[in-house]
Each structure stands twice: as structure tokens, then as C-alpha cells.
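Scroll down for the structure; my scribbles are underneath it.
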Amino acid sequence: MSDSAIETPAQRLAKRLVVVSAGLSQPSSTRLLADRLTTATVDRLREQDVEVDVTVVELRDLAHDITNNLLTGFASPKLQEALDALADADGLIAVTPIFTTSYSGLFKSFVDVIDTAALTDLPVLIGATGGTERHSLALDYAMRPLFSYLHAVVVPTAVYAASADWGSDAGLSDRIGRAAGELAALVRDSERSGRVRDPFELPAGFSPVGGFGAQ
Amino acid sequence: MQFGIFTVSDITTDPTNDTTPTEHERIKALVTIAKKAEEVGLDVFALGEHHNEPFVSSSPTTTLAYIAAQTDNLLLSTATTLITTNDPVKIAEDFSMLQHLSDGRVDVMMGRGNTGPVYPWFGKDIRDGIPLAIENYALLHKLWREHTVDWQGKYRTPLQGFTSTPRPLDDVPPFVWHGSIRSPEIAEQAAYYGDGFFANNIFWPKEHYMKLIAYYRQRFEHYGHGSADQAIVGLGGQAFMRAKSQDAVNEFRPYFDNAPVYGHGPSLEDFTEQTPLTVGSPQQVIDRYASMREYFGDYQRQLFLMDHAGLPLKTVLEQLDILGSEVVPVLRKEFAKDRPAHVPDGPTHASLVAARDAAIDTATDTATTVVQEFPTDSALEASK
């Protein structure tokens with residue numbers, strides 16, 4: 001193999017999009033919304049000649065691993081794959097059902113095992129599903145601050161789909177299109193997947209002998 | 001290569017019969033376990049330090065001195081000594097004292113502790129964990145090496161003209177290991193001083209520690225203490241054994257399922273696959289641990305956790321018999337195979353004194369050479 005055939009991170013052309021779906025039933029309307037948002041985002045990127053690799057993370061499949069990580073402090077190989085994908089992503093589509101006024105417990109547990117620095121600068125599109133449209137603001141009072149805390153960049157349009165939205169043309173498709181356009185623009189310019197991460201980077205100014213004393 | 005055991009000194013209810021040892025019983029059991037370690041031919045006994053229930057070991061040097069008085073060869077260590085919340089002056093004094101009483105059979109492993117409230121209970125802030133570990137150790141290192149110390153830092157009252165007593169045995173301080181689960185700062189600190197690095201890998205997958213240990217080795221070489229494969233590495237381990245593999249699994253499972261730290265979490269099968277915990281026949285334990293050097297390089301110390309999760313003392317002593325008679329002798333042979341001559345053994349007081357004396361001899365030789373090549377003024381005068 002010649003050197004030029006080896007792909008280095010900086011030479012990657014395809015962007016990396018990760019989709020996290022926290023739906024519990026199979027099939028789930030949460031996954032349905034996630035797929036619609038994904039298709040729309042990928043279409044927008046392809047229109048701009050941007051290739052994209054999509055990784056879908058179904059939290060239902062990782063539920064036991066997530067709980068075990070909370071208890072033991074480490075991720076199983078399967079969960080670690082999902083965490084690594086997020087750390088190297090150019091964009092994230094995160095969709096959760098709304099349970100009892102907020103994101104589901106499984107969704108939050110997953111977020112709790114992500115390294116707090118791993119989502120910095122990550123463009124995120126947030127979405128949620130629920131029985132009625134009365135819970136739609138949960139996206140803005142719960143999901144959005146969660147990702148802001150993690151220094152991710154949440155696009156202005158969040159997409160909420162109530163049960164009734166699947167049966168009417170009340171504008172769900174329009175909201176999906178607008179949100180996908182916002183995310184695609186950020187994914188296109190993201191350089192996150194090309195970065196080289198140093199897991200042992202020492203804090204700026206760190207000295208093995210400290211600031212005082214025994215030199 | 002040194003083999004030994006380490007204990008966290010937990011008091012845990014035995015889930016198979018709902019009995020719980022008293023503090024007194026558990027403390028006496030720790031002493032019995034340590035003496036057993038020597039009897040079965042292990043090299044090291046290391047004791048944790050905790051300041052909260054259900055742990056009983058708050059005063060390791062007291063306990064280790066008592067064990068030292070009843071053993072002849074066992075090397076006594078800690079797992080870990082809290083460099084964050086203890087006064088480094090008291091650590092210097094306590095461990096020098098223990099070093100004298102045990103005739104040099106002591107080293108120490110620094111750690112930051114894993115219980116948040118311990119920091120405020122001792123007047124510290126957990127957010128200063130790393131800076132405390134760095135500054136306190138810098139002072140400890142100085143106290144053991146300089147007779148009269150003037151010192152000022154951020155976290156402790158200044159010292160003027162202070163001498164820590166007693167001075168280290170033969171003026172050679174106890175060897176120091178820095179224990180870490182994940183912090184590169186601690187690996188960097190261990191490398192900077194040329195101290196040992198103990199990766200407590202018993203609860204996590206090996207891939208993480210392969211990277212962390214490789215980093216420590218590289219930095220050890222960078223700071224000029226020797227080549228990367230001469231860095232001093234220690235690893236944790238955990239095993240439960242019976243002659244028949246399935247007997248071991250059946251007997252250990254209730255302890256695993258209810259254990260502090262990982263109980264009620266992953267299955268025994270997943271956990272043994274993903275961490276060094278090995279439950280089965282002595283041969284399975286030999287195979288698992290003989291392969292460790294393939295991942296981490298030739299290393300110096302292997303400590304096993306054998307006495308936690310409510311296992312009865314009788315069972316622990318049986319485990320130590322198996323470890324000492326069937327497992328460790330084979331591992332010693334396995335680890336000696338193809339081990340390069342320049343890779344050092346686990347440090348002991350005798351080896352540290354010899355290294356110090358050799359360094360002085362080399363320095364003297366070099367100084368003599370310099371005098372011969374560049375005669376002093378007085379020598380020139382004399383030669384006229």
C-alpha cells in the first residue's frame with residue numbers, strides 16, 4: 001500500500017454524524033423522528049457535496065451497559081464504541097421521549113457517562129417525542145441547557161413530535177427541514193473528526209513539583 | 001518481581017450467612033492475613049487508609065509496625081496513603097519511624113483517596129486534589145532528603161529550620177509508588193521523580209492502563225531516569241480459585257454479586273472478561289497473569305486483592321495457600337523467562353542503599369578523573 005492510500009484524520013473528507021435515539025419500544029416514534037431528522041440532514045449535506053458517515057446509537061441496546069458504567073465507572077466495549085463515536089463526531093442528532101416533564105432517565109444516564117469535555121464544540125440538533133404537544137417546551141428548558149452545559153452548540157430549531165403530528169401536516173416536515181438545514185451548515189464546517197486527541201494532555205501550567213517549594 | 005496482596009480493610013456482611021465481623025475481628029484478621037502472606041512466600045503486604053465506615057484501616061503505620069514485629073521478610077506497604085489530606089510532615093515522620101522499626105521493610109504508595117467528604121473532614125477541598133498531591137509530595141520528598149528544611153507552599157503552614165525525625169534509615173528514604181486510576185498528572189509526577197507507578201487496574205479494562213503505563217514509561221525516560229522499560233511499574237489483581245473452575249465460580253458468585261464497588265452491576269462473566277478479576281482454577285489465574293507483561297511490559301510488583309466483599313477469614317487463608325503454593329511460584333518462573341537483564345527488580349531498601357552507594361562511587365571516580373585532568377592551583381603549585 002502506498003503512503004498516499006492511507007487516510008489520515010486531516011485528509012478525511014466525509015463528515016461524521018452520530019444519531020442517539022432514546023426510544024424504548026421497538027419500533028419507536030423516537031427512532032422514527034431521529035431517522036427523519038437524519039435523512040433531512042444527510043440530504044442537505046449531499047446537496048452541498050459533503051459526504052457523511054452516519055452512526056446510529058440505540059440507547060435501548062446499551063441500557064445495561066450504561067447502568068453498569070454508572071456502577072463500575074468504566075464502559076463495556078460496546079458502550080465505549082458509542083462514546084468514541086461521539087467524541088469524534090462532527091454533528092449529533094439527539095432524540096428522546098419526554099417522560100414526566102423531561103428527557104427520559106435512560107437518556108440522562110447515557111449523558112452522565114459521557115466525559116464532560118467530549119462534546120465541546122459539537123453541533124447538536126435536539127428532538128423529542130411525546131403523547132401531547134403540551135410537553136414541547138421540555139426541549140428548551142431541559143435538553144438545551146443540558147447540552148449548553150457540556151459546551152455543545154445546539155441549533156436554534158428543536159423538533160418536537162407529538163402523537164398527533166404523525167397524522168397531520170401541521171408543519172412537522174417544515175420544522176425538520178429547517179432544523180436539518182441549521183445542523184448541516186455547522187456539520188459542514190466542523191473539524192472535530194479531523195482532530196488528534198491527546199488523552200494525556202496535562203492542564204496548562206501543570207508542573208510535577210507544583211508552584212512552590214522543592215525545586 | 002515482587003508478589004503480594006493489598007487490602008482495603010472493608011467490613012462487609014458475608015452474603016451467604018448474613019454474618020458481619022466486628023471491627024476488632026476484622027483488624028485481627030488483617031494481621032493474620034499479613035502473617036499468612038509471609039508464611040506462603042509472598043513478598044508484599046499493602047494496607048489501605050480510610051476514614052469512613054465500612055473500612056477499619058485508618059492508621060496504617062500503627063498496623064504495619066505491629067505486623068513488622070511479627071514477620072521477618074515481608075515488605076510492608078500501603079494502598080494507598082492519602083497524600084492529599086495527611087500532613088506531609090507527619091507522613092515523613094511516620095514512615096521513617098516504621099522504616100527503622102522494620103529494618104527497612106517498608107515502602108509507601110501515594111493516593112488521593114476515593115471518598116469526597118474526607119477532604120472537608122480534614123480541612124481540604126476536593127477540587128484541590130491534584131495540586132495537593134503535587135505540593136504535599138514535593139515537601140515530603142524534600143523532608144526525607146534534606147536535613148534542615150525551609151519551605152513555603154500554598155496548602156500548609158510554612159516551615160523554617162525544620163528537621164523531620166527520625167532521619168530515613170541509612171539516609172535512604174522509603175521507596176515511593178504513586179497510585180492512579182486515570183490521572184496523567186500523577187503518571188507525570190511519578191516519572192518526574194523516578195518513583196514507581198502503581199496502576200490500580202482491578203476495576204477497569206486493560207486498554208486504558210496500557211496507554212497510561214506507556215505514557216509513564218515514556219516520561220520516566222524523558223526525565224532521564226533510565227530507559228522506558230526500566231520504569232518501575234506495579235499492577236493490581238484479583239482472583240478466586242478452587243481446584244475445579246466451576247466450584248470457584250459457584251462459591252465466589254454471591255460475594256461478587258453483592259460486593260461493594262461492582263455488586264449489583266455487571267455479571268461475573270462480563271466483569272472477569274473486562275477486568276483482571278479471574279475466578280477459576282489456579283491454572284486459569286496463572287495463564288491470565290502470566291500474560292500481563294505482554295500488555296504492560298516487564299514490571300516489578302503484582303498485588304492481589306484477596307480479602308474483600310465479606311469473604312470469611314478461613315476462605316481468605318485458603319486462597320492465600322493456593323496463591324502462595326500453586327500460582328506465584330509458577331508466575332515467578334514465567335516472569336523470569338526472557339526478562340532483559342537491564343530491567344530492574346522491585347526496589348527494596350537493600351537495593352536502594354546499593355544504588356545510592358554505587359552512585360556515590362561513580363561520582364567520586366568522576367571527581368578523581370577531573371582532578372587528574374585539570375590539576376588544581378595548589379596541585380600545580382606543589383608540582384613546581
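As shown in the C-alpha cells, the chain order sets the letters A, B, ...; within each chain, residues go from 1, and ligands are also counted from 1 in the order they appear.
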
Open item on the list: Distance cut-off 9 Å, counting only C-alpha atoms - which residues of chain B neighbour chain A? Return them as a PyMOL selection string.
Closed with: chain B and resi 131-132+134-135+137-139+141-142+150-154+183-186+188-193+203-205+211-212+215+261-266+270+274

TODO: Please provide as a list in words all residues within 10 Å of B:Thr61, with the sequence filter that same-chain residues fewer than 2 positions apart are discarded (counting only C-alpha atoms).
DONE: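 Residues near the query, excluding close chain neighbours: Leu47, Glu49, Ser57, Ser58, Ser59, Thr63, Leu64, Ala65, Tyr66, Ile67, Ala68, Leu76, Ser77, Thr78, Thr81, Ile91, Asp94, Phe95, Met97, Leu98, Gln99 and Val106 of chain B.
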
Open item on the list: Here is a test: counting only C-alpha atoms, which residue of A:Thr55, A:Ser102, A:Ser190, A:Thr38 is nearest to A:Leu146?
Closed with: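 Checking each of A:Thr55, A:Ser102, A:Ser190, A:Thr38 against A:Leu146, counting only C-alpha atoms, the winner is A:Ser102.
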
Open item on the list: Can you tell me which residues surround B:Tyr295 at a distance of at most 12 Å, considering only C-alpha atoms, apart from same-chain residues fewer than 6 positions away, and format the answer as a list in words?
Closed with: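 Listed by chain and then number, they are Pro205, Lys206, Glu207, His208, Tyr209, Met210, Lys211, Leu212, Ile213, Ala214, Leu235, Arg288 and Tyr289 of chain B.
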
Write the residues of the preceding selection, restricted to all heavy atoms, as an mmCIF file, in the first residue's frame.
data_model
loop_
_atom_site.group_PDB
_atom_site.id
_atom_site.type_symbol
_atom_site.label_atom_id
_atom_site.label_comp_id
_atom_site.auth_asym_id
_atom_site.auth_seq_id
_atom_site.Cartn_x
_atom_site.Cartn_y
_atom_site.Cartn_z
ATOM 1 N N PRO B 205 -10.868 -1.951 32.441
ATOM 2 C CA PRO B 205 -10.262 -2.741 31.356
ATOM 3 C C PRO B 205 -8.797 -2.385 31.107
ATOM 4 O O PRO B 205 -8.371 -1.263 31.380
ATOM 5 C CB PRO B 205 -11.101 -2.362 30.124
ATOM 6 C CG PRO B 205 -12.326 -1.707 30.658
ATOM 7 C CD PRO B 205 -11.945 -1.070 31.952
ATOM 8 N N LYS B 206 -8.063 -3.352 30.574
ATOM 9 C CA LYS B 206 -6.615 -3.199 30.431
ATOM 10 C C LYS B 206 -6.214 -2.142 29.404
ATOM 11 O O LYS B 206 -5.170 -1.517 29.541
ATOM 12 C CB LYS B 206 -5.963 -4.529 30.071
ATOM 13 C CG LYS B 206 -6.346 -5.091 28.713
ATOM 14 C CD LYS B 206 -5.554 -6.365 28.431
ATOM 15 C CE LYS B 206 -5.875 -6.957 27.071
ATOM 16 N NZ LYS B 206 -7.314 -7.209 26.823
ATOM 17 N N GLU B 207 -7.069 -1.916 28.399
ATOM 18 C CA GLU B 207 -6.689 -0.994 27.328
ATOM 19 C C GLU B 207 -6.328 0.382 27.886
ATOM 20 O O GLU B 207 -5.357 1.008 27.474
ATOM 21 C CB GLU B 207 -7.830 -0.854 26.298
ATOM 22 C CG GLU B 207 -8.024 -2.087 25.420
ATOM 23 C CD GLU B 207 -8.618 -3.283 26.163
ATOM 24 O OE1 GLU B 207 -9.226 -3.087 27.238
ATOM 25 O OE2 GLU B 207 -8.468 -4.422 25.669
ATOM 26 N N HIS B 208 -7.103 0.841 28.866
ATOM 27 C CA HIS B 208 -6.847 2.133 29.485
ATOM 28 C C HIS B 208 -5.464 2.161 30.140
ATOM 29 O O HIS B 208 -4.711 3.120 30.013
ATOM 30 C CB HIS B 208 -7.950 2.414 30.515
ATOM 31 C CG HIS B 208 -7.670 3.585 31.402
ATOM 32 N ND1 HIS B 208 -7.818 4.881 30.968
ATOM 33 C CD2 HIS B 208 -7.210 3.659 32.670
ATOM 34 C CE1 HIS B 208 -7.482 5.707 31.951
ATOM 35 N NE2 HIS B 208 -7.114 4.993 32.993
ATOM 36 N N TYR B 209 -5.142 1.066 30.847
ATOM 37 C CA TYR B 209 -3.871 1.047 31.590
ATOM 38 C C TYR B 209 -2.677 0.820 30.687
ATOM 39 O O TYR B 209 -1.567 1.255 31.007
ATOM 40 C CB TYR B 209 -3.944 0.003 32.710
ATOM 41 C CG TYR B 209 -4.955 0.445 33.725
ATOM 42 C CD1 TYR B 209 -6.233 -0.057 33.728
ATOM 43 C CD2 TYR B 209 -4.633 1.467 34.617
ATOM 44 C CE1 TYR B 209 -7.181 0.407 34.615
ATOM 45 C CE2 TYR B 209 -5.575 1.941 35.502
ATOM 46 C CZ TYR B 209 -6.848 1.411 35.495
ATOM 47 O OH TYR B 209 -7.780 1.908 36.358
ATOM 48 N N MET B 210 -2.889 0.152 29.554
ATOM 49 C CA MET B 210 -1.786 0.007 28.601
ATOM 50 C C MET B 210 -1.321 1.389 28.156
ATOM 51 O O MET B 210 -0.124 1.665 28.087
ATOM 52 C CB MET B 210 -2.242 -0.825 27.397
ATOM 53 C CG MET B 210 -2.437 -2.299 27.740
ATOM 54 S SD MET B 210 -3.365 -3.201 26.479
ATOM 55 C CE MET B 210 -2.189 -3.169 25.141
ATOM 56 N N LYS B 211 -2.277 2.276 27.896
ATOM 57 C CA LYS B 211 -1.927 3.629 27.457
ATOM 58 C C LYS B 211 -1.297 4.426 28.596
ATOM 59 O O LYS B 211 -0.296 5.118 28.411
ATOM 60 C CB LYS B 211 -3.180 4.365 26.956
ATOM 61 C CG LYS B 211 -3.689 3.856 25.618
ATOM 62 C CD LYS B 211 -4.809 4.754 25.108
ATOM 63 C CE LYS B 211 -6.062 3.951 24.875
ATOM 64 N NZ LYS B 211 -7.237 4.740 24.603
ATOM 65 N N LEU B 212 -1.903 4.330 29.795
ATOM 66 C CA LEU B 212 -1.422 5.131 30.928
ATOM 67 C C LEU B 212 -0.008 4.705 31.329
ATOM 68 O O LEU B 212 0.854 5.542 31.616
ATOM 69 C CB LEU B 212 -2.393 4.978 32.103
ATOM 70 C CG LEU B 212 -2.248 5.963 33.265
ATOM 71 C CD1 LEU B 212 -2.394 7.406 32.789
ATOM 72 C CD2 LEU B 212 -3.285 5.679 34.352
ATOM 73 N N ILE B 213 0.252 3.409 31.346
ATOM 74 C CA ILE B 213 1.570 2.912 31.730
ATOM 75 C C ILE B 213 2.604 3.243 30.650
ATOM 76 O O ILE B 213 3.737 3.626 30.954
ATOM 77 C CB ILE B 213 1.506 1.398 32.037
ATOM 78 C CG1 ILE B 213 0.760 1.203 33.355
ATOM 79 C CG2 ILE B 213 2.902 0.784 32.113
ATOM 80 C CD1 ILE B 213 0.383 -0.222 33.669
ATOM 81 N N ALA B 214 2.207 3.134 29.391
ATOM 82 C CA ALA B 214 3.124 3.503 28.306
ATOM 83 C C ALA B 214 3.511 4.975 28.434
ATOM 84 O O ALA B 214 4.672 5.351 28.223
ATOM 85 C CB ALA B 214 2.479 3.233 26.951
ATOM 86 N N LEU B 235 1.091 -3.393 39.413
ATOM 87 C CA LEU B 235 -0.282 -3.614 38.949
ATOM 88 C C LEU B 235 -1.102 -4.317 40.020
ATOM 89 O O LEU B 235 -0.563 -5.105 40.805
ATOM 90 C CB LEU B 235 -0.290 -4.503 37.704
ATOM 91 C CG LEU B 235 0.251 -3.925 36.402
ATOM 92 C CD1 LEU B 235 0.348 -5.020 35.351
ATOM 93 C CD2 LEU B 235 -0.652 -2.807 35.914
ATOM 94 N N ARG B 288 -3.784 -16.077 33.069
ATOM 95 C CA ARG B 288 -4.218 -14.676 32.949
ATOM 96 C C ARG B 288 -3.104 -13.723 33.334
ATOM 97 O O ARG B 288 -2.800 -12.768 32.618
ATOM 98 C CB ARG B 288 -5.429 -14.447 33.867
ATOM 99 C CG ARG B 288 -6.096 -13.082 33.697
ATOM 100 C CD ARG B 288 -7.036 -13.149 32.523
ATOM 101 N NE ARG B 288 -7.695 -11.899 32.211
ATOM 102 C CZ ARG B 288 -8.824 -11.475 32.787
ATOM 103 N NH1 ARG B 288 -9.392 -12.176 33.732
ATOM 104 N NH2 ARG B 288 -9.385 -10.351 32.389
ATOM 105 N N TYR B 289 -2.454 -13.994 34.468
ATOM 106 C CA TYR B 289 -1.467 -13.038 34.986
ATOM 107 C C TYR B 289 -0.113 -13.165 34.295
ATOM 108 O O TYR B 289 0.632 -12.190 34.199
ATOM 109 C CB TYR B 289 -1.393 -13.110 36.512
ATOM 110 C CG TYR B 289 -2.589 -12.400 37.107
ATOM 111 C CD1 TYR B 289 -3.784 -13.063 37.340
ATOM 112 C CD2 TYR B 289 -2.559 -11.030 37.324
ATOM 113 C CE1 TYR B 289 -4.904 -12.407 37.804
ATOM 114 C CE2 TYR B 289 -3.665 -10.348 37.788
ATOM 115 C CZ TYR B 289 -4.847 -11.047 38.035
ATOM 116 O OH TYR B 289 -5.948 -10.366 38.471
#

- [ ] Any chance you could list, as a PyMOL selection string, the residues in stretch 3-215 of chain A that come up helix (DSSP H, G or I) when DSSP is run on the backbone?
- [x] chain A and resi 3-5+9-11+29-47+59-72+77-87+105-112+133-135+138-149+163-166+172-189+192-194

TODO: Assign secondary structure with DSSP using the backbone only, and return the residues of stretch 100-210 of chain A in strand (DSSP E or B) as a list in words.
DONE: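 Assigned to strand (DSSP E or B), within stretch 100-210 of chain A: Ser102, Tyr103, Pro123, Val124, Leu125, Ile126, Gly127, Ala128, Thr129, Gly130, Val153, Val154, Val159, Tyr160, Ala161 and Ala162 of chain A.
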
Open item on the list: Neighbouring residues of stretch 128-133 of chain A were defined as those with any atom within 6 Å, considering only C-alpha atoms; residues of the same chain fewer than 4 positions away were excluded. Please report them as a list in words.
Closed with: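 Listed by chain and then number, they are Thr30, Val95, Thr96, Pro97, Ile98, Tyr160, Ala161, Ala162 and Ser163 of chain A.
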
Could those selected residues go to a file with N, CA, C and O atoms, as an mmCIF file, in the first residue's frame?
data_model
loop_
_atom_site.group_PDB
_atom_site.id
_atom_site.type_symbol
_atom_site.label_atom_id
_atom_site.label_comp_id
_atom_site.auth_asym_id
_atom_site.auth_seq_id
_atom_site.Cartn_x
_atom_site.Cartn_y
_atom_site.Cartn_z
ATOM 1 N N THR A 30 -39.712 7.725 18.596
ATOM 2 C CA THR A 30 -38.485 8.496 18.809
ATOM 3 C C THR A 30 -37.470 8.172 17.708
ATOM 4 O O THR A 30 -36.844 9.055 17.123
ATOM 5 N N VAL A 95 -32.338 12.469 20.184
ATOM 6 C CA VAL A 95 -33.794 12.445 20.298
ATOM 7 C C VAL A 95 -34.213 11.572 21.475
ATOM 8 O O VAL A 95 -33.757 10.432 21.612
ATOM 9 N N THR A 96 -35.054 12.113 22.324
ATOM 10 C CA THR A 96 -35.530 11.372 23.500
ATOM 11 C C THR A 96 -37.036 11.477 23.621
ATOM 12 O O THR A 96 -37.625 12.482 23.204
ATOM 13 N N PRO A 97 -37.670 10.459 24.181
ATOM 14 C CA PRO A 97 -39.070 10.655 24.582
ATOM 15 C C PRO A 97 -39.099 11.575 25.813
ATOM 16 O O PRO A 97 -38.129 11.613 26.567
ATOM 17 N N ILE A 98 -40.176 12.324 25.973
ATOM 18 C CA ILE A 98 -40.341 13.141 27.171
ATOM 19 C C ILE A 98 -41.130 12.316 28.190
ATOM 20 O O ILE A 98 -42.252 11.882 27.921
ATOM 21 N N TYR A 160 -40.003 18.895 18.083
ATOM 22 C CA TYR A 160 -40.849 18.091 18.954
ATOM 23 C C TYR A 160 -41.956 17.466 18.115
ATOM 24 O O TYR A 160 -42.599 18.144 17.315
ATOM 25 N N ALA A 161 -42.152 16.161 18.295
ATOM 26 C CA ALA A 161 -43.234 15.485 17.571
ATOM 27 C C ALA A 161 -44.192 14.841 18.562
ATOM 28 O O ALA A 161 -43.814 13.905 19.262
ATOM 29 N N ALA A 162 -45.413 15.365 18.631
ATOM 30 C CA ALA A 162 -46.459 14.731 19.447
ATOM 31 C C ALA A 162 -47.133 13.655 18.593
ATOM 32 O O ALA A 162 -46.987 13.634 17.373
ATOM 33 N N SER A 163 -47.861 12.768 19.254
ATOM 34 C CA SER A 163 -48.523 11.682 18.515
ATOM 35 C C SER A 163 -49.329 12.231 17.337
ATOM 36 O O SER A 163 -49.291 11.680 16.231
#

- [ ] To one decimal in Å, tell me the separation between atom CA of A:Leu17 and atom CA of A:Ala158.
- [x]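 Separation of atom CA of A:Leu17 and atom CA of A:Ala158: 17.1 Å.
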
Task: Two-atom distance - atom CA of B:Pro329, atom CA of B:Lys28 (Å) - done: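 Going from atom CA of B:Pro329 over to atom CA of B:Lys28 covers 27.7 Å.
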
Task: Proximity to A:Pro123 - best of A:Val19, A:Val155, A:Leu106, A:Ala14, only C-alpha atoms - done: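 Among the listed residues, A:Val155 lies closest to A:Pro123.
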
Task: Atomic distance atom CA of B:Lys90 - atom CA of B:Val118, expressed in Å with one decimal - done: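 According to the coordinates, atom CA of B:Lys90 and atom CA of B:Val118 are separated by 17.3 Å.
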
Open item on the list: List as a count of residues only the protein and nucleic acid residues near stretch 10-17 of chain B, meaning an atom at most 12 Å away when only C-alpha atoms are counted, but skip any in the same chain fewer than 5 places from it.
Closed with: 43

Open item on the list: Taking only C-alpha atoms into account, name the residue in A:Ala118, A:Val113, A:Val54, A:Ile93 that is nearest to A:Val154.
Closed with: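 Of A:Ala118, A:Val113, A:Val54, A:Ile93, the one nearest A:Val154 is A:Ile93, counting only C-alpha atoms.
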
Open item on the list: Which residues are near A:Glu182? Cut-off 9 Å, only C-alpha atoms, ignore same chain within fewer than 2 positions. Put them as an MDAnalysis selection string.
Closed with: chainID A and resid 41 125 155:157 177:180 184:187

Write the selection just made, keeping C-alpha atoms, as a short mmCIF file (atom, residue, chain, number, x, y, z; two decimals), in the first residue's frame?
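Output file out.cif is given in full below:
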data_model
loop_
_atom_site.label_atom_id
_atom_site.label_comp_id
_atom_site.auth_asym_id
_atom_site.auth_seq_id
_atom_site.Cartn_x
_atom_site.Cartn_y
_atom_site.Cartn_z
CA THR A 41 -29.59 16.43 7.40
CA LEU A 125 -29.83 19.01 16.87
CA VAL A 155 -29.02 24.67 16.74
CA PRO A 156 -31.88 27.16 17.25
CA THR A 157 -34.64 24.91 15.92
CA GLY A 177 -36.25 20.73 7.20
CA ARG A 178 -35.36 23.96 8.98
CA ALA A 179 -33.54 22.15 11.82
CA ALA A 180 -31.67 19.91 9.36
CA ALA A 184 -25.95 20.71 8.14
CA ALA A 185 -24.36 24.17 7.96
CA LEU A 186 -22.44 23.55 11.21
CA VAL A 187 -21.51 19.94 10.36
#

TODO: Might you pull out every residue within 10 Å of A:Leu24, with only C-alpha atoms counted and same-chain residues fewer than 2 positions away left off, and present them as a PyMOL selection string?
DONE: chain A and resi 21-22+26-31+58-61+63+96-97+104+106

Can you spit out the residues from that selection as a short mmCIF file (atom, residue, chain, number, x, y, z; two decimals), in the first residue's frame, using N, CA and C atoms?
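Result file follows (result_6.cif):
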data_model
loop_
_atom_site.label_atom_id
_atom_site.label_comp_id
_atom_site.auth_asym_id
_atom_site.auth_seq_id
_atom_site.Cartn_x
_atom_site.Cartn_y
_atom_site.Cartn_z
N SER A 21 -30.73 7.79 19.77
CA SER A 21 -32.17 7.65 19.93
C SER A 21 -32.46 6.93 21.25
N ALA A 22 -33.27 7.57 22.10
CA ALA A 22 -33.52 7.01 23.42
C ALA A 22 -34.91 6.37 23.53
N GLN A 26 -39.88 -0.90 20.42
CA GLN A 26 -39.37 -1.19 19.09
C GLN A 26 -40.50 -1.69 18.22
N PRO A 27 -40.89 -0.99 17.14
CA PRO A 27 -40.30 0.27 16.70
C PRO A 27 -40.77 1.43 17.59
N SER A 28 -40.03 2.54 17.57
CA SER A 28 -40.41 3.66 18.42
C SER A 28 -40.59 4.92 17.58
N SER A 29 -41.48 5.79 18.04
CA SER A 29 -41.68 7.05 17.33
C SER A 29 -40.45 7.94 17.50
N THR A 30 -39.71 7.72 18.60
CA THR A 30 -38.48 8.50 18.81
C THR A 30 -37.47 8.17 17.71
N ARG A 31 -37.34 6.87 17.41
CA ARG A 31 -36.42 6.47 16.34
C ARG A 31 -36.93 6.98 14.99
N GLU A 58 -28.65 3.27 19.40
CA GLU A 58 -29.93 3.00 20.05
C GLU A 58 -29.66 2.75 21.53
N LEU A 59 -30.11 3.65 22.39
CA LEU A 59 -29.77 3.51 23.81
C LEU A 59 -30.42 2.27 24.43
N ARG A 60 -31.53 1.83 23.86
CA ARG A 60 -32.16 0.61 24.39
C ARG A 60 -31.18 -0.56 24.38
N ASP A 61 -30.39 -0.65 23.31
CA ASP A 61 -29.42 -1.75 23.19
C ASP A 61 -28.28 -1.62 24.19
N ALA A 63 -28.72 -0.21 27.34
CA ALA A 63 -29.27 0.15 28.65
C ALA A 63 -28.51 -0.51 29.81
N THR A 96 -35.05 12.11 22.32
CA THR A 96 -35.53 11.37 23.50
C THR A 96 -37.04 11.48 23.62
N PRO A 97 -37.67 10.46 24.18
CA PRO A 97 -39.07 10.65 24.58
C PRO A 97 -39.10 11.58 25.81
N SER A 104 -35.85 11.29 29.08
CA SER A 104 -36.02 10.02 29.80
C SER A 104 -34.82 9.75 30.69
N LEU A 106 -33.12 7.05 30.92
CA LEU A 106 -32.07 6.35 30.16
C LEU A 106 -31.22 7.35 29.37
#
